[in-house]
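S.K.: Sharing upload-v3.cif here; it has mmCIF, C-alpha atoms.
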```cif
data_my_file
#
loop_
_atom_site.group_PDB
_atom_site.id
_atom_site.type_symbol
_atom_site.label_atom_id
_atom_site.label_comp_id
_atom_site.auth_asym_id
_atom_site.auth_seq_id
_atom_site.Cartn_x
_atom_site.Cartn_y
_atom_site.Cartn_z
ATOM 1 C CA MET R 1 24.729 -32.386 43.380
ATOM 2 C CA ARG R 2 28.442 -32.562 44.116
ATOM 3 C CA SER R 3 30.697 -35.496 43.321
ATOM 4 C CA GLY R 4 34.450 -35.931 43.327
ATOM 5 C CA ASP R 5 34.529 -35.304 39.563
ATOM 6 C CA PRO R 6 33.547 -31.897 38.095
ATOM 7 C CA LEU R 7 32.166 -33.664 35.004
ATOM 8 C CA THR R 8 29.575 -35.563 37.066
ATOM 9 C CA THR R 9 28.933 -32.657 39.459
ATOM 10 C CA GLY R 10 25.934 -30.581 38.488
ATOM 11 C CA SER R 11 22.354 -29.697 39.269
ATOM 12 C CA LEU R 12 18.827 -30.761 38.500
ATOM 13 C CA GLY R 13 16.429 -27.989 37.599
ATOM 14 C CA VAL R 14 14.455 -26.063 35.027
ATOM 15 C CA GLY R 15 15.328 -22.852 33.225
ATOM 16 C CA ILE R 16 14.315 -20.869 30.206
ATOM 17 C CA LEU R 17 16.550 -19.675 27.388
ATOM 18 C CA VAL R 18 15.624 -16.326 25.883
ATOM 19 C CA GLU R 19 16.536 -14.288 22.844
ATOM 20 C CA PRO R 20 18.064 -11.969 21.806
ATOM 21 C CA GLY R 21 20.826 -13.840 23.541
ATOM 22 C CA ILE R 22 24.497 -13.351 24.199
ATOM 23 C CA SER R 23 26.893 -13.137 21.264
ATOM 24 C CA GLY R 24 30.642 -13.433 21.067
ATOM 25 C CA ARG R 25 33.543 -13.796 18.693
ATOM 26 C CA GLY R 26 37.149 -14.868 18.909
ATOM 27 C CA LEU R 27 39.641 -12.044 18.506
ATOM 28 C CA LYS R 28 43.355 -11.497 18.858
ATOM 29 C CA ILE R 29 43.076 -9.105 21.800
ATOM 30 C CA ASP R 30 45.278 -8.274 24.776
ATOM 31 C CA CYS R 31 42.917 -9.746 27.374
ATOM 32 C CA ARG R 32 41.317 -13.178 27.440
ATOM 33 C CA VAL R 33 37.745 -11.946 27.950
ATOM 34 C CA MET R 34 36.227 -8.635 26.918
ATOM 35 C CA VAL R 35 32.592 -8.026 27.897
ATOM 36 C CA ASP R 36 30.754 -5.060 26.403
ATOM 37 C CA GLY R 37 34.014 -3.267 25.690
ATOM 38 C CA GLY R 38 35.691 -3.854 29.054
ATOM 39 C CA CYS R 39 38.381 -6.402 29.903
ATOM 40 C CA VAL R 40 37.300 -8.685 32.766
ATOM 41 C CA GLU R 41 39.220 -11.064 35.000
ATOM 42 C CA ILE R 42 37.273 -14.286 35.444
ATOM 43 C CA LYS R 43 38.561 -17.397 37.190
ATOM 44 C CA LEU R 44 37.097 -19.863 34.694
ATOM 45 C CA ALA R 45 39.236 -18.343 31.912
ATOM 46 C CA LYS R 46 42.378 -19.300 33.841
ATOM 47 C CA ILE R 47 41.043 -22.821 34.376
ATOM 48 C CA ILE R 48 40.345 -23.275 30.657
ATOM 49 C CA GLU R 49 43.783 -21.903 29.783
ATOM 50 C CA GLU R 50 45.394 -24.421 32.157
ATOM 51 C CA GLU R 51 43.393 -27.278 30.617
ATOM 52 C CA ALA R 52 43.828 -26.397 26.940
ATOM 53 C CA MET R 53 45.834 -24.142 24.668
ATOM 54 C CA LEU R 54 44.078 -20.842 24.044
ATOM 55 C CA GLY R 55 44.870 -18.784 20.960
ATOM 56 C CA ASN R 56 42.424 -15.932 20.631
ATOM 57 C CA GLY R 57 40.577 -14.137 23.373
ATOM 58 C CA ILE R 58 36.847 -13.511 23.066
ATOM 59 C CA GLU R 59 34.715 -10.399 22.783
ATOM 60 C CA VAL R 60 31.237 -10.837 24.296
ATOM 61 C CA ARG R 61 28.125 -8.704 23.944
ATOM 62 C CA SER R 62 25.268 -9.184 26.403
ATOM 63 C CA SER R 63 22.288 -7.051 27.394
ATOM 64 C CA ILE R 64 22.410 -8.742 30.824
ATOM 65 C CA PRO R 65 25.575 -7.877 32.776
ATOM 66 C CA LEU R 66 27.964 -10.558 33.980
ATOM 67 C CA GLY R 67 27.256 -11.884 37.472
ATOM 68 C CA MET R 68 23.558 -11.037 37.711
ATOM 69 C CA GLY R 69 22.044 -14.455 37.009
ATOM 70 C CA GLY R 70 21.814 -14.425 33.212
ATOM 71 C CA ALA R 71 24.255 -17.326 32.602
ATOM 72 C CA VAL R 72 26.790 -14.983 30.999
ATOM 73 C CA SER R 73 29.649 -16.893 32.647
ATOM 74 C CA ALA R 74 28.428 -20.147 31.055
ATOM 75 C CA PHE R 75 28.451 -18.495 27.637
ATOM 76 C CA ILE R 76 31.963 -17.161 28.253
ATOM 77 C CA ALA R 77 33.097 -20.649 29.304
ATOM 78 C CA LEU R 78 31.599 -22.176 26.150
ATOM 79 C CA ALA R 79 33.025 -19.524 23.831
ATOM 80 C CA LEU R 80 36.513 -19.775 25.354
ATOM 81 C CA SER R 81 36.389 -23.565 25.263
ATOM 82 C CA CYS R 82 35.416 -23.442 21.598
ATOM 83 C CA GLU R 83 38.448 -21.252 20.906
ATOM 84 C CA ALA R 84 40.640 -23.800 22.684
ATOM 85 C CA ILE R 85 39.058 -26.786 20.909
ATOM 86 C CA LYS R 86 39.381 -25.017 17.558
ATOM 87 C CA ASN R 87 43.158 -24.944 18.010
ATOM 88 C CA ARG R 88 43.257 -28.689 18.631
ATOM 89 C CA LEU R 89 40.325 -30.286 16.797
ATOM 90 C CA GLY R 90 38.784 -27.677 14.509
ATOM 91 C CA SER R 91 35.531 -25.711 14.526
ATOM 92 C CA CYS R 92 32.958 -26.107 17.296
ATOM 93 C CA SER R 93 30.298 -26.210 14.589
ATOM 94 C CA ILE R 94 31.108 -29.942 14.402
ATOM 95 C CA LYS R 95 28.920 -31.766 16.929
ATOM 96 C CA GLU R 96 31.708 -33.866 18.446
ATOM 97 C CA ASN R 97 33.936 -30.816 18.915
ATOM 98 C CA LEU R 98 31.146 -28.834 20.579
ATOM 99 C CA LEU R 99 30.646 -31.747 22.986
ATOM 100 C CA GLU R 100 34.325 -31.622 23.977
ATOM 101 C CA ALA R 101 34.151 -27.845 24.401
ATOM 102 C CA SER R 102 30.984 -28.204 26.501
ATOM 103 C CA LYS R 103 32.681 -30.661 28.859
ATOM 104 C CA LEU R 104 35.588 -28.269 29.336
ATOM 105 C CA ALA R 105 33.238 -25.321 29.866
ATOM 106 C CA HIS R 106 31.173 -27.215 32.461
ATOM 107 C CA LYS R 107 34.312 -28.270 34.318
ATOM 108 C CA ALA R 108 35.524 -24.662 34.435
ATOM 109 C CA GLU R 109 32.146 -23.472 35.739
ATOM 110 C CA VAL R 110 32.090 -26.101 38.507
ATOM 111 C CA LEU R 111 35.671 -25.470 39.612
ATOM 112 C CA SER R 112 35.177 -21.695 39.687
ATOM 113 C CA LEU R 113 31.757 -22.003 41.398
ATOM 114 C CA THR R 114 30.058 -19.926 38.715
ATOM 115 C CA GLY R 115 27.480 -22.511 37.655
ATOM 116 C CA LEU R 116 26.356 -26.119 37.912
ATOM 117 C CA GLY R 117 23.864 -26.587 35.089
ATOM 118 C CA ASP R 118 23.905 -23.609 32.729
ATOM 119 C CA VAL R 119 26.275 -25.138 30.175
ATOM 120 C CA ILE R 120 24.199 -28.258 29.505
ATOM 121 C CA ALA R 121 21.029 -26.135 29.384
ATOM 122 C CA MET R 122 22.639 -23.770 26.875
ATOM 123 C CA VAL R 123 23.771 -26.480 24.475
ATOM 124 C CA THR R 124 20.427 -28.323 24.781
ATOM 125 C CA GLY R 125 18.571 -25.124 23.958
ATOM 126 C CA GLY R 126 15.030 -24.266 23.012
ATOM 127 C CA GLY R 127 12.615 -22.597 25.446
ATOM 128 C CA LEU R 128 12.141 -24.438 28.725
ATOM 129 C CA VAL R 129 15.022 -26.803 29.472
ATOM 130 C CA LEU R 130 14.630 -29.556 32.076
ATOM 131 C CA ARG R 131 17.835 -31.041 33.480
ATOM 132 C CA LEU R 132 17.165 -34.715 34.177
ATOM 133 C CA LYS R 133 20.620 -35.864 35.278
ATOM 134 C CA PRO R 134 23.399 -33.697 36.755
ATOM 135 C CA GLY R 135 26.717 -33.294 35.006
ATOM 136 C CA ALA R 136 28.417 -32.008 31.889
ATOM 137 C CA PRO R 137 27.079 -32.732 28.405
ATOM 138 C CA GLY R 138 27.858 -36.382 27.716
ATOM 139 C CA TYR R 139 27.480 -37.153 31.441
ATOM 140 C CA GLY R 140 24.326 -35.290 32.430
ATOM 141 C CA GLU R 141 21.016 -35.212 30.572
ATOM 142 C CA ALA R 142 18.663 -32.372 29.630
ATOM 143 C CA ILE R 143 15.614 -32.007 27.380
ATOM 144 C CA ALA R 144 13.778 -29.066 25.827
ATOM 145 C CA ILE R 145 10.067 -28.840 26.683
ATOM 146 C CA ARG R 146 7.890 -27.671 23.811
ATOM 147 C CA ASP R 147 4.896 -25.923 25.378
ATOM 148 C CA PRO R 148 2.778 -24.109 22.723
ATOM 149 C CA GLU R 149 2.323 -21.278 25.238
ATOM 150 C CA LEU R 150 5.977 -20.365 24.674
ATOM 151 C CA ASP R 151 5.040 -19.018 21.237
ATOM 152 C CA ARG R 152 2.788 -16.393 22.840
ATOM 153 C CA VAL R 153 4.844 -15.144 25.755
ATOM 154 C CA PHE R 154 7.455 -12.420 26.210
ATOM 155 C CA PHE R 155 9.733 -11.639 29.140
ATOM 156 C CA THR R 156 10.628 -8.260 30.576
ATOM 157 C CA ILE R 157 13.862 -8.620 32.548
ATOM 158 C CA ALA R 158 15.059 -5.977 35.002
ATOM 159 C CA SER R 159 17.890 -5.678 37.509
ATOM 160 C CA ILE R 160 16.994 -5.343 41.181
ATOM 161 C CA GLU R 161 19.023 -4.085 44.114
ATOM 162 C CA ARG R 162 19.909 -7.443 45.635
ATOM 163 C CA ARG R 163 23.538 -8.361 44.913
ATOM 164 C CA ILE R 164 24.882 -11.866 45.449
ATOM 165 C CA THR R 165 27.540 -13.627 43.412
ATOM 166 C CA THR R 166 27.110 -17.201 42.237
ATOM 167 C CA PRO R 167 30.070 -18.411 44.365
ATOM 168 C CA ASP R 168 28.491 -16.758 47.424
ATOM 169 C CA MET R 169 25.119 -18.252 46.567
ATOM 170 C CA LEU R 170 26.530 -21.768 46.143
ATOM 171 C CA SER R 171 28.615 -21.570 49.317
ATOM 172 C CA THR R 172 26.198 -19.833 51.717
ATOM 173 C CA MET R 173 22.763 -20.848 50.386
ATOM 174 C CA TRP R 174 23.540 -24.360 49.146
ATOM 175 C CA ASP R 175 21.505 -26.330 51.716
ATOM 176 C CA ARG R 176 18.437 -24.098 51.464
ATOM 177 C CA ILE R 177 18.508 -24.025 47.649
ATOM 178 C CA ALA R 178 19.033 -27.796 47.465
ATOM 179 C CA SER R 179 16.154 -28.560 49.835
ATOM 180 C CA VAL R 180 13.615 -26.090 48.420
ATOM 181 C CA GLY R 181 14.840 -26.710 44.881
ATOM 182 C CA MET R 182 14.319 -30.477 44.980
ATOM 183 C CA GLU R 183 10.760 -29.984 46.204
ATOM 184 C CA ALA R 184 10.100 -27.459 43.402
ATOM 185 C CA TYR R 185 11.746 -29.735 40.835
ATOM 186 C CA ARG R 186 9.480 -32.665 41.739
ATOM 187 C CA GLU R 187 6.404 -30.459 41.588
ATOM 188 C CA PHE R 188 7.335 -29.249 38.110
ATOM 189 C CA GLN R 189 7.825 -32.811 36.848
ATOM 190 C CA LYS R 190 4.162 -33.530 37.652
ATOM 191 C CA ASP R 191 3.096 -30.862 35.140
ATOM 192 C CA PRO R 192 6.019 -29.689 32.978
ATOM 193 C CA SER R 193 4.474 -26.545 31.479
ATOM 194 C CA LEU R 194 5.220 -22.833 31.293
ATOM 195 C CA GLU R 195 2.331 -22.052 33.648
ATOM 196 C CA ARG R 196 3.663 -24.348 36.372
ATOM 197 C CA PHE R 197 7.221 -23.143 35.777
ATOM 198 C CA LEU R 198 6.165 -19.572 36.520
ATOM 199 C CA GLU R 199 4.129 -20.547 39.600
ATOM 200 C CA ILE R 200 6.864 -22.739 41.061
ATOM 201 C CA SER R 201 9.637 -20.247 40.213
ATOM 202 C CA ASN R 202 7.760 -17.496 42.061
ATOM 203 C CA SER R 203 7.360 -19.713 45.128
ATOM 204 C CA PHE R 204 11.035 -20.786 44.944
ATOM 205 C CA SER R 205 12.156 -17.133 44.728
ATOM 206 C CA ARG R 206 10.260 -16.301 47.918
ATOM 207 C CA ARG R 207 11.303 -19.366 49.878
ATOM 208 C CA VAL R 208 15.050 -19.002 49.233
ATOM 209 C CA GLY R 209 15.020 -15.233 49.720
ATOM 210 C CA PHE R 210 15.464 -13.876 46.193
ATOM 211 C CA LEU R 211 12.065 -12.155 46.614
ATOM 212 C CA SER R 212 11.440 -10.642 50.018
ATOM 213 C CA GLY R 213 10.464 -7.537 51.922
ATOM 214 C CA ASP R 214 9.521 -4.181 50.439
ATOM 215 C CA VAL R 215 10.588 -5.004 46.871
ATOM 216 C CA ASP R 216 8.417 -8.125 46.787
ATOM 217 C CA ASN R 217 5.410 -6.190 48.097
ATOM 218 C CA ALA R 218 5.996 -3.391 45.596
ATOM 219 C CA ILE R 219 6.152 -5.859 42.701
ATOM 220 C CA ASP R 220 2.891 -7.484 43.792
ATOM 221 C CA ARG R 221 1.096 -4.149 44.052
ATOM 222 C CA SER R 222 2.390 -2.763 40.767
ATOM 223 C CA LEU R 223 1.702 -5.863 38.689
ATOM 224 C CA ASP R 224 -1.642 -6.862 40.251
ATOM 225 C CA PRO R 225 -3.831 -4.962 37.719
ATOM 226 C CA LEU R 226 -1.927 -6.555 34.834
ATOM 227 C CA VAL R 227 -2.198 -9.995 36.421
ATOM 228 C CA ARG R 228 -5.972 -9.623 36.848
ATOM 229 C CA ARG R 229 -6.317 -8.601 33.186
ATOM 230 C CA GLY R 230 -4.334 -11.678 32.122
ATOM 231 C CA GLU R 231 -1.516 -9.623 30.610
ATOM 232 C CA VAL R 232 1.103 -10.690 33.165
ATOM 233 C CA LEU R 233 1.344 -14.474 33.490
ATOM 234 C CA GLY R 234 3.800 -14.548 36.386
ATOM 235 C CA TYR R 235 7.150 -13.384 37.644
ATOM 236 C CA TYR R 236 10.134 -14.561 39.656
ATOM 237 C CA ALA R 237 13.603 -13.442 40.723
ATOM 238 C CA LYS R 238 16.952 -15.069 40.081
ATOM 239 C CA LYS R 239 19.896 -13.548 41.954
ATOM 240 C CA SER R 240 19.791 -9.890 40.830
ATOM 241 C CA LEU R 241 17.253 -10.320 38.033
ATOM 242 C CA LEU R 242 13.494 -9.818 38.045
ATOM 243 C CA VAL R 243 11.826 -11.829 35.255
ATOM 244 C CA ILE R 244 8.223 -10.994 34.259
ATOM 245 C CA ALA R 245 6.315 -13.167 31.771
ATOM 246 C CA HIS R 246 3.629 -11.347 29.829
ATOM 247 C CA ARG R 247 1.611 -11.020 26.645
ATOM 248 C CA LYS R 248 2.852 -8.942 23.722
ATOM 249 C CA GLY R 249 2.054 -5.269 24.130
ATOM 250 C CA ALA R 250 2.154 -5.206 27.941
ATOM 251 C CA GLU R 251 5.862 -4.388 28.130
ATOM 252 C CA HIS R 252 5.502 -0.597 28.201
ATOM 253 C CA GLU R 253 2.995 -0.599 31.065
ATOM 254 C CA ILE R 254 5.145 -3.124 32.931
ATOM 255 C CA SER R 255 8.226 -0.915 32.547
ATOM 256 C CA ARG R 256 6.311 2.090 33.890
ATOM 257 C CA SER R 257 4.888 0.073 36.789
ATOM 258 C CA ILE R 258 8.213 -1.297 38.028
ATOM 259 C CA GLY R 259 10.364 1.710 37.163
ATOM 260 C CA SER R 260 10.462 3.161 40.686
ATOM 261 C CA PHE R 261 11.878 0.071 42.424
ATOM 262 C CA VAL R 262 14.122 -1.653 39.877
ATOM 263 C CA LYS R 263 17.579 -0.414 38.968
ATOM 264 C CA ARG R 264 17.124 -0.813 35.237
ATOM 265 C CA VAL R 265 14.932 -2.586 32.698
ATOM 266 C CA LEU R 266 17.436 -4.638 30.709
ATOM 267 C CA GLY R 267 15.245 -5.625 27.785
ATOM 268 C CA ILE R 268 12.274 -7.459 26.328
ATOM 269 C CA TYR R 269 12.925 -11.069 25.316
ATOM 270 C CA LYS R 270 11.135 -14.063 23.878
ATOM 271 C CA PRO R 271 11.819 -17.785 24.397
ATOM 272 C CA ALA R 272 14.787 -18.871 22.307
ATOM 273 C CA ALA R 273 14.168 -21.317 19.485
ATOM 274 C CA LYS R 274 17.630 -22.829 19.978
ATOM 275 C CA GLY R 275 20.625 -22.684 22.259
ATOM 276 C CA PHE R 276 24.340 -22.093 21.865
ATOM 277 C CA GLU R 277 25.594 -22.447 18.312
ATOM 278 C CA VAL R 278 28.689 -21.594 16.341
ATOM 279 C CA VAL R 279 28.448 -19.682 13.067
ATOM 280 C CA GLY R 280 31.678 -19.704 11.085
ATOM 281 C CA ASP R 281 35.118 -19.985 12.662
ATOM 282 C CA MET R 282 35.220 -16.673 14.516
ATOM 283 C CA ASP R 283 31.668 -15.967 15.663
ATOM 284 C CA THR R 284 29.993 -17.788 18.541
ATOM 285 C CA PRO R 285 26.391 -16.538 18.968
ATOM 286 C CA GLY R 286 24.206 -18.080 21.619
ATOM 287 C CA SER R 287 21.167 -17.701 23.818
ATOM 288 C CA SER R 288 20.857 -17.116 27.533
#
```
Now that the file is in, can you turn its structure into structure tokens?

M.R.:
Amino acid sequence: MRSGDPLTTGSLGVGILVEPGISGRGLKIDCRVMVDGGCVEIKLAKIIEEEAMLGNGIEVRSSIPLGMGGAVSAFIALALSCEAIKNRLGSCSIKENLLEASKLAHKAEVLSLTGLGDVIAMVTGGGLVLRLKPGAPGYGEAIAIRDPELDRVFFTIASIERRITTPDMLSTMWDRIASVGMEAYREFQKDPSLERFLEISNSFSRRVGFLSGDVDNAIDRSLDPLVRRGEVLGYYAKKSLLVIAHRKGAEHEISRSIGSFVKRVLGIYKPAAKGFEVVGDMDTPGSS
């Protein structure tokens, strides 16, 4: 939902935070953002630098690469904003300071077209996060849904061939995502549970085109035996990521089953108990 103000622009929706998440720390380095050992140019870093004084750069470690749909850009925006706020107000471990950093991070995401709701979901944290009102923290509203089923589920996440950037997605697929997404959002609100999240996410993935063609058929065929045995609970795609929810112990068979048509299995994750947090003055661990 777009408004004339980036702080009130945002999205409604549902997502899940997983762990192990993304981690980062502030460092005196030559580049503003280093991701997994490589210096990256990212528009939101320039926006944050224009809005606030940056001292250190940040070094980020993530098992999910930047730009694939894992909310890495939102983490980068939060970590950079915390470095900027630290210079002016002190540590982001103070609630009020984290709120200010979150507003700046959300604004940078909106202006750079890298995200509309990941920042507020990240700072809300904890398993399934439902965004009730669009906008930055302090303007929007989000809640964590505590479904007991989250304690018994794991996620295998893999990269698939489809490549689309978030700016491209928001500019070329906006109308379709908004229309299908609002319908899915209302359906989820009728039964806000992990089971319905997986069902609706699968349908959403197909209807907007994240799951289609030969890859979709191959996933169905390969996972069908595991679905019938109750070991795979569901799956969906987000941009370039395939997310499979399953019981503990099924991950090895899943990896073998999907190995021929995914680019890479990125890892096995569980629902995060909490979201973005700051530990000490230099380290900024978080969840994606």

S.K.: I would like the residues chosen by the PyMOL selection byres ((chain R and resi 151) around 10) on the shown file; could you give them as a list in words?

M.R.: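 Those residues are Gly127, Arg146, Asp147, Pro148, Glu149, Leu150, Arg152, Val153, Phe154, Lys270, Pro271, Ala272 and Ala273 of chain R.
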
S.K.: Give me, as a Markdown table, the closest atom pair and its distance (Å, one decimal) for every residue of stretch 75-167 of chain R within a cut-off of 9 Å of stretch 30-54 of chain R, counting only C-alpha atoms, rows sorted by chain and rising number.

M.R.:
```
| residue | atom | partner | partner_atom | distance |
| --- | --- | --- | --- | --- |
| R:Ile76 | CA | R:Val33 | CA | 7.8 |
| R:Ala77 | CA | R:Leu44 | CA | 6.8 |
| R:Leu80 | CA | R:Ala45 | CA | 7.2 |
| R:Ser81 | CA | R:Ile48 | CA | 6.7 |
| R:Glu83 | CA | R:Leu54 | CA | 6.5 |
| R:Ala84 | CA | R:Leu54 | CA | 4.7 |
| R:Ile85 | CA | R:Ala52 | CA | 7.7 |
| R:Asn87 | CA | R:Met53 | CA | 7.2 |
| R:Arg88 | CA | R:Met53 | CA | 8.0 |
| R:Leu104 | CA | R:Ile48 | CA | 7.0 |
| R:Ala105 | CA | R:Ile48 | CA | 7.4 |
| R:Lys107 | CA | R:Ile48 | CA | 8.6 |
| R:Ala108 | CA | R:Leu44 | CA | 5.1 |
| R:Glu109 | CA | R:Leu44 | CA | 6.2 |
| R:Val110 | CA | R:Leu44 | CA | 8.9 |
| R:Leu111 | CA | R:Leu44 | CA | 7.6 |
| R:Ser112 | CA | R:Leu44 | CA | 5.7 |
| R:Leu113 | CA | R:Leu44 | CA | 8.8 |
| R:Thr114 | CA | R:Leu44 | CA | 8.1 |
```

S.K.: So what does the PyMOL selection byres ((chain R and resi 184) around 9) actually pick up in this one, as an MDAnalysis selection string?

M.R.: chainID R and resid 13 179:183 185:189 200:201 203:204

S.K.: Which one is closest to R:Leu226: R:Leu12, R:Val123, R:Ile258, R:Leu78? Count only C-alpha atoms.

M.R.: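 Closest to R:Leu226, using only C-alpha atoms: R:Ile258.
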
S.K.: Could you expand the PyMOL selection byres ((chain R and resi 131) around 12) into the explicit residues it covers here, written as a VMD selection string?

M.R.: chain R and resid 10 to 16 116 to 125 128 to 130 132 to 137 139 to 145 185 to 186 188 to 189 192

S.K.: Could you work out an axis-aligned box for stretch 180-183 of chain R, taking every atom the file lists and adding 4 Å on each side, and report centre and edge lengths in Å to one decimal, as JSON?

M.R.:
```
{"center_x": 12.8, "center_y": -28.3, "center_z": 46.7, "size_x": 12.1, "size_y": 12.4, "size_z": 11.5}
```

S.K.: Starting from the incomplete input, reconstruct N, CA and C atoms of stretch 44-64 of chain R and write that as a compact mmCIF listing (two decimals), keeping the file's coordinate frame.

M.R.:
```txt
# COMPACT_ATOMS: atom_id res chain seq x y z
N LEU R 44 37.27 -18.72 35.60
CA LEU R 44 37.10 -19.86 34.69
C LEU R 44 37.98 -19.75 33.46
N ALA R 45 38.34 -18.52 33.06
CA ALA R 45 39.24 -18.34 31.91
C ALA R 45 40.61 -18.93 32.22
N LYS R 46 41.08 -18.74 33.45
CA LYS R 46 42.38 -19.30 33.84
C LYS R 46 42.33 -20.83 33.88
N ILE R 47 41.20 -21.36 34.32
CA ILE R 47 41.04 -22.82 34.38
C ILE R 47 41.08 -23.41 32.97
N ILE R 48 40.37 -22.79 32.04
CA ILE R 48 40.34 -23.28 30.66
C ILE R 48 41.74 -23.17 30.04
N GLU R 49 42.44 -22.08 30.33
CA GLU R 49 43.78 -21.90 29.78
C GLU R 49 44.75 -22.96 30.33
N GLU R 50 44.55 -23.37 31.58
CA GLU R 50 45.39 -24.42 32.16
C GLU R 50 45.09 -25.78 31.55
N GLU R 51 43.82 -25.98 31.15
CA GLU R 51 43.39 -27.28 30.62
C GLU R 51 43.70 -27.43 29.13
N ALA R 52 43.69 -26.33 28.40
CA ALA R 52 43.83 -26.40 26.94
C ALA R 52 44.54 -25.15 26.44
N MET R 53 45.10 -25.26 25.26
CA MET R 53 45.83 -24.14 24.67
C MET R 53 44.85 -23.13 24.08
N LEU R 54 44.93 -21.90 24.56
CA LEU R 54 44.08 -20.84 24.04
C LEU R 54 44.87 -19.99 23.06
N GLY R 55 44.27 -19.68 21.92
CA GLY R 55 44.87 -18.78 20.96
C GLY R 55 44.27 -17.40 21.13
N ASN R 56 43.11 -17.21 20.54
CA ASN R 56 42.42 -15.93 20.63
C ASN R 56 41.77 -15.73 21.99
N GLY R 57 41.50 -14.47 22.31
CA GLY R 57 40.58 -14.14 23.37
C GLY R 57 39.19 -14.06 22.78
N ILE R 58 38.21 -13.65 23.58
CA ILE R 58 36.85 -13.51 23.07
C ILE R 58 36.28 -12.15 23.44
N GLU R 59 35.47 -11.62 22.54
CA GLU R 59 34.72 -10.40 22.78
C GLU R 59 33.25 -10.77 22.89
N VAL R 60 32.61 -10.42 24.00
CA VAL R 60 31.24 -10.84 24.30
C VAL R 60 30.34 -9.62 24.39
N ARG R 61 29.14 -9.74 23.83
CA ARG R 61 28.12 -8.70 23.94
C ARG R 61 26.89 -9.31 24.61
N SER R 62 26.43 -8.67 25.68
CA SER R 62 25.27 -9.18 26.40
C SER R 62 24.46 -8.03 26.97
N SER R 63 23.15 -8.09 26.81
CA SER R 63 22.29 -7.05 27.39
C SER R 63 22.13 -7.25 28.89
N ILE R 64 22.45 -8.45 29.39
CA ILE R 64 22.41 -8.74 30.82
C ILE R 64 23.84 -8.77 31.32
```
